[in-house]
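Enquirer: What follows is entry-v7.pdb; its format and atoms are PDB, C-alpha atoms and all ligand atoms.
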ATOM      1  CA  MET A  17     143.943 140.182 -13.272
ATOM      2  CA  ALA A  18     143.023 138.805 -16.700
ATOM      3  CA  GLN A  19     141.616 141.232 -19.286
ATOM      4  CA  ILE A  20     138.119 140.183 -20.329
ATOM      5  CA  ASP A  21     138.095 142.223 -23.555
ATOM      6  CA  SER A  22     140.062 144.772 -25.538
ATOM      7  CA  LEU A  23     137.894 147.752 -24.543
ATOM      8  CA  PRO A  24     139.268 150.445 -22.199
ATOM      9  CA  PRO A  25     139.076 150.032 -18.395
ATOM     10  CA  LEU A  26     135.801 151.261 -16.897
ATOM     11  CA  ARG A  27     137.374 154.209 -15.025
ATOM     12  CA  GLU A  28     138.663 155.472 -18.366
ATOM     13  CA  VAL A  29     135.224 154.946 -19.978
ATOM     14  CA  ILE A  30     133.587 156.958 -17.190
ATOM     15  CA  ASP A  31     136.138 159.793 -17.538
ATOM     16  CA  THR A  32     135.958 159.862 -21.339
ATOM     17  CA  HIS A  33     132.163 160.067 -21.402
ATOM     18  CA  GLY A  34     131.727 162.237 -18.287
ATOM     19  CA  LEU A  35     129.563 159.669 -16.495
ATOM     20  CA  SER A  36     129.528 161.226 -13.040
ATOM     21  CA  ALA A  37     127.136 159.109 -10.968
ATOM     22  CA  LYS A  38     123.600 160.438 -10.459
ATOM     23  CA  LYS A  39     122.028 159.434  -7.170
ATOM     24  CA  ALA A  40     118.480 159.901  -8.474
ATOM     25  CA  LEU A  41     119.141 157.133 -11.030
ATOM     26  CA  GLY A  42     120.599 154.765  -8.433
ATOM     27  CA  GLN A  43     123.977 154.921 -10.140
ATOM     28  CA  ASN A  44     126.493 152.856  -8.179
ATOM     29  CA  PHE A  45     128.790 151.428 -10.797
ATOM     30  CA  LEU A  46     130.823 148.229 -10.734
ATOM     31  CA  LEU A  47     134.287 148.974 -12.090
ATOM     32  CA  ASP A  48     135.977 145.581 -11.738
ATOM     33  CA  LEU A  49     135.438 143.583 -14.926
ATOM     34  CA  ASN A  50     136.562 140.367 -13.266
ATOM     35  CA  LEU A  51     133.793 140.863 -10.722
ATOM     36  CA  THR A  52     131.190 141.626 -13.402
ATOM     37  CA  SER A  53     132.275 138.474 -15.270
ATOM     38  CA  ARG A  54     131.803 136.450 -12.082
ATOM     39  CA  ILE A  55     128.273 137.865 -11.737
ATOM     40  CA  ALA A  56     127.566 137.057 -15.402
ATOM     41  CA  ARG A  57     128.723 133.463 -14.810
ATOM     42  CA  LEU A  58     126.226 133.151 -11.923
ATOM     43  CA  ALA A  59     123.504 133.552 -14.570
ATOM     44  CA  GLY A  60     124.467 130.157 -16.007
ATOM     45  CA  ASP A  61     125.285 129.129 -19.562
ATOM     46  CA  LEU A  62     124.343 132.130 -21.688
ATOM     47  CA  THR A  63     125.552 130.881 -25.033
ATOM     48  CA  GLN A  64     122.082 129.777 -26.178
ATOM     49  CA  CYS A  65     120.218 132.598 -24.415
ATOM     50  CA  ASP A  66     119.061 136.142 -24.972
ATOM     51  CA  VAL A  67     119.860 138.208 -21.883
ATOM     52  CA  LEU A  68     117.980 141.242 -20.635
ATOM     53  CA  GLU A  69     120.020 143.722 -18.648
ATOM     54  CA  ILE A  70     118.329 146.700 -16.991
ATOM     55  CA  GLY A  71     120.568 149.687 -16.336
ATOM     56  CA  PRO A  72     123.886 148.900 -18.060
ATOM     57  CA  GLY A  73     125.362 152.291 -17.114
ATOM     58  CA  PRO A  74     128.954 152.437 -18.424
ATOM     59  CA  GLY A  75     128.670 148.743 -19.352
ATOM     60  CA  GLY A  76     130.667 146.771 -16.787
ATOM     61  CA  LEU A  77     128.144 143.943 -16.440
ATOM     62  CA  THR A  78     127.223 144.182 -20.137
ATOM     63  CA  ARG A  79     130.851 143.444 -21.022
ATOM     64  CA  GLY A  80     130.876 140.577 -18.502
ATOM     65  CA  LEU A  81     127.768 139.063 -20.099
ATOM     66  CA  LEU A  82     129.149 139.365 -23.626
ATOM     67  CA  ALA A  83     132.595 138.059 -22.651
ATOM     68  CA  CYS A  84     130.834 135.062 -21.061
ATOM     69  CA  GLY A  85     129.342 134.284 -24.463
ATOM     70  CA  ALA A  86     125.745 135.556 -24.186
ATOM     71  CA  ARG A  87     124.025 134.921 -27.524
ATOM     72  CA  ARG A  88     122.500 138.390 -27.438
ATOM     73  CA  VAL A  89     122.114 141.116 -24.806
ATOM     74  CA  LEU A  90     119.352 143.706 -24.708
ATOM     75  CA  ALA A  91     120.379 146.540 -22.405
ATOM     76  CA  VAL A  92     117.752 149.079 -21.290
ATOM     77  CA  GLU A  93     119.246 152.306 -19.952
ATOM     78  CA  LYS A  94     117.374 155.438 -18.922
ATOM     79  CA  ASP A  95     120.413 157.721 -18.850
ATOM     80  CA  ALA A  96     121.232 158.901 -22.396
ATOM     81  CA  ARG A  97     124.744 159.950 -21.274
ATOM     82  CA  CYS A  98     125.676 156.238 -21.229
ATOM     83  CA  LEU A  99     124.798 155.632 -24.890
ATOM     84  CA  PRO A 100     128.206 156.502 -26.455
ATOM     85  CA  ALA A 101     129.999 154.145 -24.048
ATOM     86  CA  LEU A 102     127.496 151.398 -24.826
ATOM     87  CA  ALA A 103     127.889 152.027 -28.580
ATOM     88  CA  GLU A 104     131.597 151.193 -28.213
ATOM     89  CA  ILE A 105     130.643 147.832 -26.675
ATOM     90  CA  GLU A 106     128.114 147.249 -29.474
ATOM     91  CA  ALA A 107     130.896 147.797 -32.007
ATOM     92  CA  ALA A 108     133.234 145.393 -30.196
ATOM     93  CA  TYR A 109     130.591 142.636 -30.213
ATOM     94  CA  PRO A 110     128.878 143.047 -33.608
ATOM     95  CA  GLY A 111     125.261 141.914 -33.744
ATOM     96  CA  ARG A 112     125.172 140.794 -30.110
ATOM     97  CA  LEU A 113     124.237 143.933 -28.163
ATOM     98  CA  SER A 114     121.153 146.119 -28.576
ATOM     99  CA  VAL A 115     120.609 149.170 -26.416
ATOM    100  CA  LEU A 116     117.273 150.794 -25.685
ATOM    101  CA  ASN A 117     117.333 154.300 -24.197
ATOM    102  CA  GLU A 118     114.130 153.867 -22.194
ATOM    103  CA  ASP A 119     112.734 153.712 -18.703
ATOM    104  CA  ALA A 120     112.507 149.994 -17.896
ATOM    105  CA  LEU A 121     109.169 150.631 -16.175
ATOM    106  CA  ASP A 122     107.641 152.007 -19.373
ATOM    107  CA  LEU A 123     108.094 149.065 -21.688
ATOM    108  CA  ASP A 124     108.104 145.301 -21.732
ATOM    109  CA  PRO A 125     111.627 144.579 -22.975
ATOM    110  CA  LEU A 126     110.909 140.852 -22.818
ATOM    111  CA  GLU A 127     108.820 141.402 -25.959
ATOM    112  CA  HIS A 128     112.025 142.249 -27.828
ATOM    113  CA  LEU A 129     113.791 138.978 -26.994
ATOM    114  CA  THR A 130     113.745 135.391 -28.201
ATOM    115  CA  PRO A 131     113.498 132.587 -25.618
ATOM    116  CA  PRO A 132     115.270 131.142 -23.794
ATOM    117  CA  ILE A 133     115.664 134.403 -21.922
ATOM    118  CA  ARG A 134     117.672 135.116 -18.792
ATOM    119  CA  ILE A 135     117.636 138.399 -16.910
ATOM    120  CA  CYS A 136     120.827 139.638 -15.315
ATOM    121  CA  ALA A 137     121.231 143.115 -13.829
ATOM    122  CA  ASN A 138     122.734 145.324 -11.187
ATOM    123  CA  LEU A 139     119.377 146.979 -10.613
ATOM    124  CA  PRO A 140     118.841 150.629  -9.747
ATOM    125  CA  TYR A 141     117.692 150.404  -6.114
ATOM    126  CA  ASN A 142     114.691 152.719  -6.640
ATOM    127  CA  VAL A 143     112.949 150.460  -9.178
ATOM    128  CA  GLY A 144     114.514 147.077  -8.365
ATOM    129  CA  THR A 145     111.712 145.663  -6.224
ATOM    130  CA  GLU A 146     108.997 146.848  -8.591
ATOM    131  CA  LEU A 147     110.719 145.188 -11.558
ATOM    132  CA  LEU A 148     111.190 141.955  -9.606
ATOM    133  CA  VAL A 149     107.509 141.847  -8.626
ATOM    134  CA  ARG A 150     106.508 142.389 -12.267
ATOM    135  CA  TRP A 151     108.769 139.554 -13.424
ATOM    136  CA  LEU A 152     107.405 137.259 -10.713
ATOM    137  CA  THR A 153     103.759 137.986 -11.552
ATOM    138  CA  PRO A 154     103.363 137.612 -15.324
ATOM    139  CA  ALA A 155      99.946 136.922 -16.822
ATOM    140  CA  GLN A 156     101.020 133.342 -17.577
ATOM    141  CA  TRP A 157     103.303 130.843 -15.859
ATOM    142  CA  PRO A 158     105.866 129.596 -16.849
ATOM    143  CA  ALA A 159     107.149 133.101 -17.521
ATOM    144  CA  VAL A 160     109.118 133.829 -20.686
ATOM    145  CA  TRP A 161     112.346 134.050 -18.669
ATOM    146  CA  THR A 162     114.102 131.054 -17.164
ATOM    147  CA  SER A 163     116.265 132.773 -14.555
ATOM    148  CA  LEU A 164     116.888 136.103 -12.840
ATOM    149  CA  THR A 165     120.344 137.027 -11.560
ATOM    150  CA  LEU A 166     119.932 140.320  -9.785
ATOM    151  CA  MET A 167     121.914 142.638  -7.558
ATOM    152  CA  PHE A 168     119.912 144.222  -4.742
ATOM    153  CA  GLN A 169     120.621 145.919  -1.472
ATOM    154  CA  LYS A 170     121.471 143.009   0.846
ATOM    155  CA  GLU A 171     118.388 143.648   2.972
ATOM    156  CA  VAL A 172     116.136 143.192  -0.097
ATOM    157  CA  ALA A 173     117.995 140.014  -1.106
ATOM    158  CA  GLU A 174     117.351 138.661   2.403
ATOM    159  CA  ARG A 175     113.636 139.424   2.048
ATOM    160  CA  ILE A 176     113.512 137.468  -1.222
ATOM    161  CA  THR A 177     115.140 134.363   0.261
ATOM    162  CA  ALA A 178     113.694 134.625   3.814
ATOM    163  CA  LYS A 179     112.208 131.647   5.628
ATOM    164  CA  PRO A 180     109.132 131.642   7.922
ATOM    165  CA  GLY A 181     109.639 132.878  11.462
ATOM    166  CA  THR A 182     112.167 135.546  10.476
ATOM    167  CA  LYS A 183     111.765 139.313  10.369
ATOM    168  CA  ALA A 184     112.620 139.394   6.674
ATOM    169  CA  TYR A 185     109.850 136.911   5.758
ATOM    170  CA  GLY A 186     106.992 138.578   3.905
ATOM    171  CA  ARG A 187     105.292 139.125   0.563
ATOM    172  CA  LEU A 188     108.526 139.174  -1.435
ATOM    173  CA  ALA A 189     109.633 135.783  -0.032
ATOM    174  CA  ILE A 190     106.267 134.194  -0.826
ATOM    175  CA  LEU A 191     106.089 135.674  -4.335
ATOM    176  CA  ALA A 192     109.637 134.576  -5.161
ATOM    177  CA  GLN A 193     109.684 131.147  -3.555
ATOM    178  CA  TRP A 194     106.237 130.104  -4.757
ATOM    179  CA  ARG A 195     107.429 129.937  -8.351
ATOM    180  CA  CYS A 196     111.227 129.918  -8.112
ATOM    181  CA  ASP A 197     114.242 128.477  -6.388
ATOM    182  CA  ALA A 198     115.908 131.557  -4.889
ATOM    183  CA  ARG A 199     119.326 131.848  -3.279
ATOM    184  CA  ILE A 200     121.849 134.518  -2.405
ATOM    185  CA  GLU A 201     124.969 133.789  -4.445
ATOM    186  CA  MET A 202     127.301 136.643  -3.563
ATOM    187  CA  ILE A 203     127.534 139.436  -1.010
ATOM    188  CA  LEU A 204     129.371 142.618  -1.971
ATOM    189  CA  PRO A 205     130.634 145.304   0.399
ATOM    190  CA  PRO A 206     129.859 148.968  -0.383
ATOM    191  CA  GLN A 207     133.468 149.477  -1.599
ATOM    192  CA  ALA A 208     132.811 147.189  -4.591
ATOM    193  CA  PHE A 209     130.893 150.102  -6.158
ATOM    194  CA  SER A 210     131.696 153.598  -7.273
ATOM    195  CA  PRO A 211     130.435 155.644  -5.572
ATOM    196  CA  ALA A 212     130.106 153.338  -2.543
ATOM    197  CA  PRO A 213     126.482 153.048  -1.349
ATOM    198  CA  LYS A 214     125.702 153.136   2.398
ATOM    199  CA  VAL A 215     124.844 149.432   2.629
ATOM    200  CA  SER A 216     126.103 146.064   1.378
ATOM    201  CA  SER A 217     124.614 144.454  -1.713
ATOM    202  CA  ALA A 218     123.899 140.878  -2.719
ATOM    203  CA  VAL A 219     123.345 138.940  -5.919
ATOM    204  CA  VAL A 220     120.254 136.723  -5.849
ATOM    205  CA  HIS A 221     119.766 133.968  -8.404
ATOM    206  CA  LEU A 222     116.189 132.846  -9.051
ATOM    207  CA  THR A 223     115.439 129.852 -11.256
ATOM    208  CA  ALA A 224     111.882 129.597 -12.535
ATOM    209  CA  LEU A 225     110.074 126.373 -11.620
ATOM    210  CA  PRO A 226     107.998 124.798 -14.415
ATOM    211  CA  GLN A 227     104.945 125.220 -12.195
ATOM    212  CA  PRO A 228     104.276 126.845  -8.829
ATOM    213  CA  ARG A 229     105.359 124.808  -5.815
ATOM    214  CA  PHE A 230     101.752 124.464  -4.549
ATOM    215  CA  PRO A 231      98.474 125.158  -6.358
ATOM    216  CA  ALA A 232      96.792 128.530  -5.721
ATOM    217  CA  ASP A 233      95.176 131.318  -7.697
ATOM    218  CA  PRO A 234      97.922 133.963  -8.070
ATOM    219  CA  LYS A 235      95.607 136.921  -7.463
ATOM    220  CA  VAL A 236      93.994 135.402  -4.372
ATOM    221  CA  LEU A 237      97.364 134.324  -2.979
ATOM    222  CA  ASN A 238      98.809 137.785  -3.566
ATOM    223  CA  ASN A 239      95.820 139.385  -1.873
ATOM    224  CA  VAL A 240      95.892 137.070   1.169
ATOM    225  CA  VAL A 241      99.649 137.494   1.595
ATOM    226  CA  ALA A 242      99.515 141.287   1.208
ATOM    227  CA  MET A 243      96.738 141.591   3.793
ATOM    228  CA  ALA A 244      98.322 139.154   6.218
ATOM    229  CA  PHE A 245     101.680 140.955   6.186
ATOM    230  CA  ASN A 246     100.212 144.462   6.117
ATOM    231  CA  GLN A 247      99.383 143.898   9.756
ATOM    232  CA  ARG A 248     102.020 141.304  10.514
ATOM    233  CA  ARG A 249     101.819 141.735  14.291
ATOM    234  CA  LYS A 250      98.094 140.964  14.337
ATOM    235  CA  MET A 251      96.587 137.498  14.559
ATOM    236  CA  LEU A 252      95.365 136.245  11.196
ATOM    237  CA  ARG A 253      91.711 136.366  12.253
ATOM    238  CA  SER A 254      92.045 140.166  12.669
ATOM    239  CA  ALA A 255      94.529 140.859   9.859
ATOM    240  CA  LEU A 256      92.297 139.060   7.320
ATOM    241  CA  LYS A 257      88.933 140.172   8.720
ATOM    242  CA  SER A 258      88.072 142.405   5.765
ATOM    243  CA  LEU A 259      88.820 139.574   3.312
ATOM    244  CA  ARG A 260      85.792 137.519   4.368
ATOM    245  CA  PRO A 261      83.429 137.917   7.302
ATOM    246  CA  ASP A 262      83.762 134.178   8.054
ATOM    247  CA  ILE A 263      87.567 134.241   7.970
ATOM    248  CA  GLU A 264      87.852 132.434  11.313
ATOM    249  CA  ASP A 265      85.922 129.448   9.898
ATOM    250  CA  VAL A 266      87.969 129.571   6.692
ATOM    251  CA  LEU A 267      91.217 129.492   8.681
ATOM    252  CA  ASN A 268      89.985 126.606  10.836
ATOM    253  CA  GLY A 269      88.841 124.781   7.709
ATOM    254  CA  ALA A 270      92.315 125.171   6.227
ATOM    255  CA  GLY A 271      93.843 123.722   9.401
ATOM    256  CA  ILE A 272      95.379 127.055  10.419
ATOM    257  CA  LEU A 273      94.814 128.372  13.929
ATOM    258  CA  PRO A 274      93.152 131.819  13.607
ATOM    259  CA  THR A 275      95.391 133.108  16.414
ATOM    260  CA  ARG A 276      98.584 132.579  14.401
ATOM    261  CA  ARG A 277     100.487 135.498  12.843
ATOM    262  CA  ALA A 278     101.462 135.811   9.173
ATOM    263  CA  GLU A 279     105.179 135.273   9.674
ATOM    264  CA  THR A 280     104.627 131.792  11.155
ATOM    265  CA  LEU A 281     102.835 130.450   8.059
ATOM    266  CA  SER A 282     104.798 128.367   5.588
ATOM    267  CA  LEU A 283     104.447 128.920   1.854
ATOM    268  CA  GLU A 284     102.395 125.728   1.645
ATOM    269  CA  GLU A 285     100.015 127.002   4.358
ATOM    270  CA  PHE A 286      99.561 130.322   2.537
ATOM    271  CA  CYS A 287      98.643 128.377  -0.615
ATOM    272  CA  THR A 288      96.201 126.180   1.342
ATOM    273  CA  LEU A 289      94.642 129.326   2.796
ATOM    274  CA  ALA A 290      94.410 130.981  -0.638
ATOM    275  CA  ARG A 291      92.560 127.915  -1.962
ATOM    276  CA  ALA A 292      90.208 127.957   1.015
ATOM    277  CA  VAL A 293      89.522 131.689   0.556
ATOM    278  CA  ALA A 294      88.927 131.252  -3.169
TER     279      ALA A 294
HETATM  280  N1  LIG A 301     125.074 147.944 -14.641
HETATM  281  C1  LIG A 301     125.939 149.039 -14.204
HETATM  282  C2  LIG A 301     126.983 148.518 -13.264
HETATM  283  O1  LIG A 301     126.788 147.409 -12.756
HETATM  284  O2  LIG A 301     127.955 149.206 -13.035
HETATM  285  C3  LIG A 301     125.127 150.164 -13.569
HETATM  286  C4  LIG A 301     124.249 149.740 -12.401
HETATM  287  S1  LIG A 301     123.524 151.106 -11.546
HETATM  288  C5  LIG A 301     123.250 150.348  -9.976
HETATM  289  C6  LIG A 301     121.867 151.211 -12.168
HETATM  290  C7  LIG A 301     121.701 151.690 -13.604
HETATM  291  O3  LIG A 301     120.308 151.706 -13.921
HETATM  292  C8  LIG A 301     122.203 153.086 -13.901
HETATM  293  O4  LIG A 301     122.976 153.077 -15.069
HETATM  294  C9  LIG A 301     120.937 153.927 -14.105
HETATM  295  O5  LIG A 301     121.110 155.009 -14.995
HETATM  296  C10 LIG A 301     119.984 152.895 -14.657
HETATM  297  N2  LIG A 301     118.573 153.173 -14.390
HETATM  298  C11 LIG A 301     118.024 153.781 -13.320
HETATM  299  N3  LIG A 301     116.691 153.804 -13.400
HETATM  300  C12 LIG A 301     116.374 153.168 -14.565
HETATM  301  C13 LIG A 301     115.151 152.858 -15.211
HETATM  302  N4  LIG A 301     113.981 153.182 -14.676
HETATM  303  N5  LIG A 301     115.192 152.203 -16.397
HETATM  304  C14 LIG A 301     116.381 151.865 -16.954
HETATM  305  N6  LIG A 301     117.569 152.138 -16.383
HETATM  306  C15 LIG A 301     117.578 152.772 -15.200
END
Output the file's structure as structure tokens, nothing else.
Ligand code: SAM

Expert:
Amino acid sequence: MAQIDSLPPLREVIDTHGLSAKKALGQNFLLDLNLTSRIARLAGDLTQCDVLEIGPGPGGLTRGLLACGARRVLAVEKDARCLPALAEIEAAYPGRLSVLNEDALDLDPLEHLTPPIRICANLPYNVGTELLVRWLTPAQWPAVWTSLTLMFQKEVAERITAKPGTKAYGRLAILAQWRCDARIEMILPPQAFSPAPKVSSAVVHLTALPQPRFPADPKVLNNVVAMAFNQRRKMLRSALKSLRPDIEDVLNGAGILPTRRAETLSLEEFCTLARAVA
């Protein structure tokens, strides 16, 4: 396997800095630098971009991103034990890596970057979905980022890319596909990580669309979708009853049979319904 840089192998980095994995921080590390470089390449051409990475850990993906030519990487890591290992990477790539020892939920790291911005991360599973939802629901669209290349548990990746009529189809699919092209690019078995998690993982690549696929007020759409899927087994006329007393008329007016269930509605139909509700 080709060496991607002159820094020590990741196993050695972990031993040197005593980075035993902490479950509470979702620490499942990638130790194969060829694999992390492949993931970095899925993020596209990084040479003119600032890249945000959440949770660099010992720096496997960080090194992949820098070796792939990222203009600048901002890495936000909650675990202070990782800082010395990340400082070695900073020194090997002068002026191109900044590390923030923070909880990614407590700050808006996008404020520290210059567009165009791409986000690429092997996310900690306990905050991954929350971060994704935040990135998909900024105050203004287009968002400041142009793409997200994110590792999730495979089941979450399937929810992001799910199509109507499937069990995985729900709020996450609507949120993601309304404003992005989303596809699963890579599936990784548990053994790709150290320690191995219980389930497989997948890398999802989301490219921001210049404008949402169909017009709708984001708050209303979010509300309708959340209510509809909260009681996904119920017919829409019951699931959405508390939204408006005349919901049956609203559904009929939008050309949607009130007896249908949330998982049968296409993204376009949800947007039509959100406009009718608004
Ligand atoms: N990027 C590394 C890799 O691919 O090997 C580590 C990925 S590991 C799945 C997730 C990382 O996120 C860990 O390093 C963990 O300490 C960090 N982390 C967990 N919660 C975090 C949070 N709220 N904010 C920032 N980093 C967090």

Enquirer: Dump as JSON lines the rows for residues of chain A within 8 Å of ligand LIG 301 (chain A): closest atom pair and distance in Å with one decimal, all atoms listed in the file counted, ordered by chain and rising residue number.

Expert:
{"residue": "A:Lys38", "atom": "CA", "partner": "A:LIG301", "partner_atom": "O5", "distance": 7.5}
{"residue": "A:Ala40", "atom": "CA", "partner": "A:LIG301", "partner_atom": "C11", "distance": 7.8}
{"residue": "A:Leu41", "atom": "CA", "partner": "A:LIG301", "partner_atom": "C11", "distance": 4.2}
{"residue": "A:Gly42", "atom": "CA", "partner": "A:LIG301", "partner_atom": "C6", "distance": 5.3}
{"residue": "A:Gln43", "atom": "CA", "partner": "A:LIG301", "partner_atom": "S1", "distance": 4.1}
{"residue": "A:Asn44", "atom": "CA", "partner": "A:LIG301", "partner_atom": "C5", "distance": 4.5}
{"residue": "A:Phe45", "atom": "CA", "partner": "A:LIG301", "partner_atom": "O2", "distance": 3.3}
{"residue": "A:Leu46", "atom": "CA", "partner": "A:LIG301", "partner_atom": "O2", "distance": 3.8}
{"residue": "A:Leu47", "atom": "CA", "partner": "A:LIG301", "partner_atom": "O2", "distance": 6.4}
{"residue": "A:Thr52", "atom": "CA", "partner": "A:LIG301", "partner_atom": "O1", "distance": 7.3}
{"residue": "A:Glu69", "atom": "CA", "partner": "A:LIG301", "partner_atom": "N1", "distance": 7.7}
{"residue": "A:Ile70", "atom": "CA", "partner": "A:LIG301", "partner_atom": "C14", "distance": 5.5}
{"residue": "A:Gly71", "atom": "CA", "partner": "A:LIG301", "partner_atom": "O3", "distance": 3.2}
{"residue": "A:Pro72", "atom": "CA", "partner": "A:LIG301", "partner_atom": "N1", "distance": 3.7}
{"residue": "A:Gly73", "atom": "CA", "partner": "A:LIG301", "partner_atom": "O4", "distance": 3.2}
{"residue": "A:Pro74", "atom": "CA", "partner": "A:LIG301", "partner_atom": "C1", "distance": 6.2}
{"residue": "A:Gly75", "atom": "CA", "partner": "A:LIG301", "partner_atom": "C1", "distance": 5.8}
{"residue": "A:Gly76", "atom": "CA", "partner": "A:LIG301", "partner_atom": "O2", "distance": 5.2}
{"residue": "A:Leu77", "atom": "CA", "partner": "A:LIG301", "partner_atom": "O1", "distance": 5.2}
{"residue": "A:Thr78", "atom": "CA", "partner": "A:LIG301", "partner_atom": "N1", "distance": 7.0}
{"residue": "A:Val92", "atom": "CA", "partner": "A:LIG301", "partner_atom": "C14", "distance": 5.3}
{"residue": "A:Glu93", "atom": "CA", "partner": "A:LIG301", "partner_atom": "N6", "distance": 3.9}
{"residue": "A:Lys94", "atom": "CA", "partner": "A:LIG301", "partner_atom": "N6", "distance": 4.2}
{"residue": "A:Asp95", "atom": "CA", "partner": "A:LIG301", "partner_atom": "O5", "distance": 4.8}
{"residue": "A:Cys98", "atom": "CA", "partner": "A:LIG301", "partner_atom": "O4", "distance": 7.4}
{"residue": "A:Asn117", "atom": "CA", "partner": "A:LIG301", "partner_atom": "C14", "distance": 7.7}
{"residue": "A:Glu118", "atom": "CA", "partner": "A:LIG301", "partner_atom": "C14", "distance": 6.0}
{"residue": "A:Asp119", "atom": "CA", "partner": "A:LIG301", "partner_atom": "N5", "distance": 3.7}
{"residue": "A:Ala120", "atom": "CA", "partner": "A:LIG301", "partner_atom": "N5", "distance": 3.8}
{"residue": "A:Leu121", "atom": "CA", "partner": "A:LIG301", "partner_atom": "N4", "distance": 5.6}
{"residue": "A:Asp122", "atom": "CA", "partner": "A:LIG301", "partner_atom": "N4", "distance": 8.0}
{"residue": "A:Ala137", "atom": "CA", "partner": "A:LIG301", "partner_atom": "N1", "distance": 6.2}
{"residue": "A:Asn138", "atom": "CA", "partner": "A:LIG301", "partner_atom": "O1", "distance": 4.8}
{"residue": "A:Leu139", "atom": "CA", "partner": "A:LIG301", "partner_atom": "C6", "distance": 5.2}
{"residue": "A:Pro140", "atom": "CA", "partner": "A:LIG301", "partner_atom": "C6", "distance": 3.9}
{"residue": "A:Tyr141", "atom": "CA", "partner": "A:LIG301", "partner_atom": "C5", "distance": 6.8}
{"residue": "A:Asn142", "atom": "CA", "partner": "A:LIG301", "partner_atom": "N3", "distance": 7.1}
{"residue": "A:Val143", "atom": "CA", "partner": "A:LIG301", "partner_atom": "N4", "distance": 6.2}
{"residue": "A:Phe209", "atom": "CA", "partner": "A:LIG301", "partner_atom": "O2", "distance": 7.5}

Enquirer: Starting from the displayed file, determine the output of the PyMOL selection byres (((chain A and resi 87) around 6) and not hetatm) and express the residue list as a list in words.

Expert: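 Against this file, the PyMOL selection byres (((chain A and resi 87) around 6) and not hetatm) returns the residues Thr63, Gln64, Cys65, Asp66, Ala86 and Arg88 of chain A.
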
Enquirer: Smallest atom-to-atom distance to Arg276 of chain A: which of A:Pro206, A:Pro228, A:Gly181, A:Val67, using only C-alpha atoms?

Expert: A:Gly181

Enquirer: From the list A:Leu259, A:Met202, A:Ala208, A:Ile30, which residue is nearest Leu58 of chain A when using only C-alpha atoms?

Expert: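 Among the listed residues, the smallest separation from Leu58 of chain A belongs to A:Met202.
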
Enquirer: With distances taken over only C-alpha atoms, which of A:Val172, A:Leu23, A:Val241, A:Ile55 is nearest to Glu106 of chain A?

Expert: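 Nearest to Glu106 of chain A: A:Leu23.
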
Enquirer: Please indicate the distance in Å from atom CA of Ala244 of chain A to atom CA of Lys179 of chain A, rounded to one decimal place.

Expert: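 So the two atoms, atom CA of Ala244 of chain A and atom CA of Lys179 of chain A, lie 15.8 Å apart.
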
Enquirer: I'd like the neighbourhood of segment 197-200 of chain A as a list in words, where a residue qualifies if any of its atoms comes within 6 Å (using only C-alpha atoms), though same-chain residues fewer than 6 positions away should be ignored.

Expert: Thr177, Val219, Val220, His221, Leu222 and Thr223 of chain A
